[in-house]
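In what follows, a single structure is set out as structure tokens and then discussed.
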Amino acid sequence: MGVDPAARDGRRGISRIAPDVWAVSLTSLFSDWSYEMVLPVLPFFLAFVLFASPLIVGLVDGAAQFAQSAVQVASGTQWATGRDRKIRGSWGYLATTVSHGLIALAVLWPEVLALRVSAWLGRGSRQPIKKAIVANATAPEHQGLAFGLEQAMDTAGAVLGTAVAIALVLWLGTSAFRTIFAISVIPGLVAVVVFLVVVRDAAAPDRTDPVAVRHPGWRDLPRPVRWFLVAEAVFGLGYFSILLALLRVGENLLPSVGGSVAGTVVAALLLYLLYNLIFAGLSVPVGGWADRAPGVLLVGASFVLFAAVDAFLASPPGIVFAVLAFVVAGVQVGLQGVAESAWLVRQVSGPLVGPAFGWLGMVQGFGILAGSLLVGALWTYVSAPLAFGISAMFCLAGALLLLPAARLASRPAVMA
């Protein structure tokens with residue numbers, strides 16, 4: 001039998017991925033291993049130990065995402081160039097690791113809020129740096145594959161982190177929460193060392209580039225990118241923290257496990273593990289698709305899929321709807337992250353790569369803060385079905401607003 005051409009091309013593309021992309025991907029694996037031990041148990045720690053409402057859970061993670069977005073603009077426009085950007089990225093990984101570890105000592109939800117914000121300030125400072133290193137080290141025809149590999153390794157770390165959290169909850173029950181937060185420091189420190197020592201960043205742009213020195217603004221971005229970011233902003237009003245989805249599923253499953261908090265947490269974490277397995281499995285194939293297909297249309301499809309997740313979360317309690325919500329969410333996030341990155345780097349030149357990712361991060365951070373607060377408030381004070389229904393409407397509106405970006409990007413030359 002002959003070898004499938006697509007598979008042969010995929011293997012050939014993998015062999016051409018630069019060592020720095022592999023090193024950044026390994027860093028992402030250990031970093032995600034660290035903070036994905038923390039994130040899936042955090043809503044249950046807040047709700048069942050610190051007695052926080054859905055609104056507070058949305059505030060904690062939404063504020064963290066907002067903080068990440070705020071620093072991501074500075075990181076993308078000022079810190080993602082220059083030969084010393086690797087050192088700045090290492091400090092970002094360290095801040096995330098230490099802040100999450102300190103949640104083990106928290107006794108009030110405002111302390112968790114402050115530490116989550118601190119952790120995601122660190123994440124925001126190094127995200128554009130990480131993505132710029134991958135983009136600068138990769139040939140244009142392999143950008144989707146490179147970002148797909150990085151996301152697959154990132155999500156493999158999430159699978160490991162969730163599996164460790166499940167094992168600890170099965171062993172220790174709800175008393176495992178603080179232990180999980182403390183142990184998460186170990187893989188986080190490994191990520192810091194890998195990024196600092198193994199990543200070489202030989203393709204780092206020189207800070208003497210006039211565009212890099214000038215700190216590009218909104219008007220410097222091409223028109224398709226600006227339309228794309230507007231669509232992302234509208235979608236963001238409906239895009240809420242995964243912590244709220246976990247809490248919703250846990251709330252629905254609590255009666256079916258006899259009211260056991262530990263049983264509820266394990267059931268929700270198993271669904272989160274399924275979500276991450278789907279996410280990881282799709283990342284590299286989606287990267288290949290994004291190198292051939294209109295990437296902005298893949299992003300639009302992911303927006304529509306998130307509306308479907310809303311529909312399942314708004315449905316009556318039941319394991320079937322819970323499984324469907326996390327299966328579709330895994331497909332959705334697998335499409336969105338890679339397709340966004342691959343499409344964006346085709347629209348901007350080298351010095352604008354970091355700033356473009358900075359703007360994307362800022363828009364997404366503002367959106368998830370607004371979306372998490374909106375859904376959390378409606379859920380707390382009105383009803384969960386209404387909250388998720390309104391979220392779905394914003395997601396579909398964002399998908400429609402991507403059409404002008406696709407049309408502009410299809411033109412041979414686009415003036416900014």
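If you're wondering about the labels, chains in the structure tokens are A, B, ... by order shown, residues count from 1 in each chain, ligands from 1 in order shown.
Within 8 Å of region 42-51 of chain A there are Val38, Leu39, Pro54, Val57, Val107, Leu108, Trp109, Phe177, Leu243, Leu244, Leu246, Leu247, Val261 and Val265 of chain A, counting only C-alpha atoms and ignoring same-chain residues fewer than 3 positions away.
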Okay, now the selection with N, CA and C atoms, as a PDB file, in the first residue's frame?
ATOM      1  N   VAL A  38      -3.495  22.871  39.537  1.00  0.00           N
ATOM      2  CA  VAL A  38      -4.176  23.867  40.363  1.00  0.00           C
ATOM      3  C   VAL A  38      -5.560  24.207  39.828  1.00  0.00           C
ATOM      4  N   LEU A  39      -5.642  24.533  38.523  1.00  0.00           N
ATOM      5  CA  LEU A  39      -6.870  25.118  37.985  1.00  0.00           C
ATOM      6  C   LEU A  39      -8.115  24.245  38.129  1.00  0.00           C
ATOM      7  N   PRO A  54     -20.705  31.337  42.574  1.00  0.00           N
ATOM      8  CA  PRO A  54     -20.254  31.318  41.165  1.00  0.00           C
ATOM      9  C   PRO A  54     -19.722  32.673  40.696  1.00  0.00           C
ATOM     10  N   VAL A  57     -16.185  32.892  41.872  1.00  0.00           N
ATOM     11  CA  VAL A  57     -15.337  32.001  41.069  1.00  0.00           C
ATOM     12  C   VAL A  57     -15.035  32.653  39.719  1.00  0.00           C
ATOM     13  N   VAL A 107      -6.641  31.330  53.183  1.00  0.00           N
ATOM     14  CA  VAL A 107      -7.794  31.022  54.041  1.00  0.00           C
ATOM     15  C   VAL A 107      -9.003  31.874  53.679  1.00  0.00           C
ATOM     16  N   LEU A 108      -8.845  32.862  52.801  1.00  0.00           N
ATOM     17  CA  LEU A 108      -9.936  33.725  52.349  1.00  0.00           C
ATOM     18  C   LEU A 108      -9.876  33.835  50.828  1.00  0.00           C
ATOM     19  N   TRP A 109     -11.053  33.983  50.197  1.00  0.00           N
ATOM     20  CA  TRP A 109     -11.035  34.040  48.739  1.00  0.00           C
ATOM     21  C   TRP A 109     -10.289  35.260  48.186  1.00  0.00           C
ATOM     22  N   PHE A 177      -6.603  19.347  48.485  1.00  0.00           N
ATOM     23  CA  PHE A 177      -6.512  20.609  47.750  1.00  0.00           C
ATOM     24  C   PHE A 177      -5.200  21.352  48.029  1.00  0.00           C
ATOM     25  N   LEU A 243     -13.244  27.299  34.754  1.00  0.00           N
ATOM     26  CA  LEU A 243     -13.579  27.019  36.148  1.00  0.00           C
ATOM     27  C   LEU A 243     -15.078  27.049  36.379  1.00  0.00           C
ATOM     28  N   LEU A 244     -15.786  27.951  35.682  1.00  0.00           N
ATOM     29  CA  LEU A 244     -17.241  28.002  35.812  1.00  0.00           C
ATOM     30  C   LEU A 244     -17.888  26.771  35.193  1.00  0.00           C
ATOM     31  N   LEU A 246     -16.531  23.781  35.041  1.00  0.00           N
ATOM     32  CA  LEU A 246     -16.287  22.699  35.997  1.00  0.00           C
ATOM     33  C   LEU A 246     -17.241  22.783  37.186  1.00  0.00           C
ATOM     34  N   LEU A 247     -17.449  24.001  37.694  1.00  0.00           N
ATOM     35  CA  LEU A 247     -18.348  24.175  38.834  1.00  0.00           C
ATOM     36  C   LEU A 247     -19.783  23.817  38.462  1.00  0.00           C
ATOM     37  N   VAL A 261     -18.536  15.459  48.169  1.00  0.00           N
ATOM     38  CA  VAL A 261     -17.750  16.505  47.514  1.00  0.00           C
ATOM     39  C   VAL A 261     -16.562  15.890  46.784  1.00  0.00           C
ATOM     40  N   VAL A 265     -15.767  16.120  42.805  1.00  0.00           N
ATOM     41  CA  VAL A 265     -14.512  16.657  42.271  1.00  0.00           C
ATOM     42  C   VAL A 265     -13.861  15.653  41.325  1.00  0.00           C
TER      43      VAL A 265
END
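Minimum atom-to-atom distances from A:Val193, A:Leu121, A:Leu273, A:Ser69 to Met37 (chain A) were compared using only C-alpha atoms, and the lowest value belongs to A:Leu273.
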task = Could you give me, as a PyMOL selection string, the residues within 10 Å of Arg248 (chain A), counting only C-alpha atoms and dropping anything in the same chain fewer than 6 positions from it?
result = chain A and resi 43+54+242+268+313-314+317+322+379+384
Would you save the residues from that selection as a tab-separated table (two decimals), in the first residue's frame, using N, CA and C atoms?
chain	number	residue	atom	x	y	z
A	43	PRO	N	-11.96	25.79	41.50
A	43	PRO	CA	-13.36	26.18	41.75
A	43	PRO	C	-13.99	25.43	42.92
A	54	PRO	N	-20.70	31.34	42.57
A	54	PRO	CA	-20.25	31.32	41.17
A	54	PRO	C	-19.72	32.67	40.70
A	242	ILE	N	-13.07	28.30	32.25
A	242	ILE	CA	-13.34	26.86	32.35
A	242	ILE	C	-13.67	26.48	33.79
A	268	ALA	N	-15.81	15.51	38.02
A	268	ALA	CA	-15.54	16.70	37.20
A	268	ALA	C	-14.13	16.67	36.62
A	313	LEU	N	-24.35	23.06	28.78
A	313	LEU	CA	-24.29	23.49	30.18
A	313	LEU	C	-25.62	24.04	30.67
A	314	ALA	N	-26.41	24.58	29.76
A	314	ALA	CA	-27.73	25.11	30.13
A	314	ALA	C	-28.78	24.01	30.24
A	317	PRO	N	-29.64	18.69	34.50
A	317	PRO	CA	-28.53	17.87	35.03
A	317	PRO	C	-28.54	16.46	34.43
A	322	ALA	N	-23.17	16.52	30.48
A	322	ALA	CA	-21.86	16.90	31.03
A	322	ALA	C	-20.73	16.39	30.13
A	379	TRP	N	-25.79	33.68	36.71
A	379	TRP	CA	-25.96	32.37	37.36
A	379	TRP	C	-26.28	32.55	38.84
A	384	ALA	N	-28.76	29.74	35.88
A	384	ALA	CA	-27.67	29.25	35.03
A	384	ALA	C	-28.09	29.14	33.57
ask   = Any idea what the distance is between CA of Ala156 (chain A) and CA of Leu115 (chain A)?
value = 24.7 Å
task = Within 10 Å of Pro110 (chain A), counting only C-alpha atoms, which residues show up once you throw out same-chain ones fewer than 4 positions away? Write them as number ranges by chain, please.
result = A: 56, 60, 106, 114-116
task = Identify, on the basis of only C-alpha atoms, every residue whose closest approach to Leu168 (chain A) does not exceed 8 Å; exclude the query and any residue fewer than 5 positions from it along the same chain; express the result as a count of residues only.
result = 3
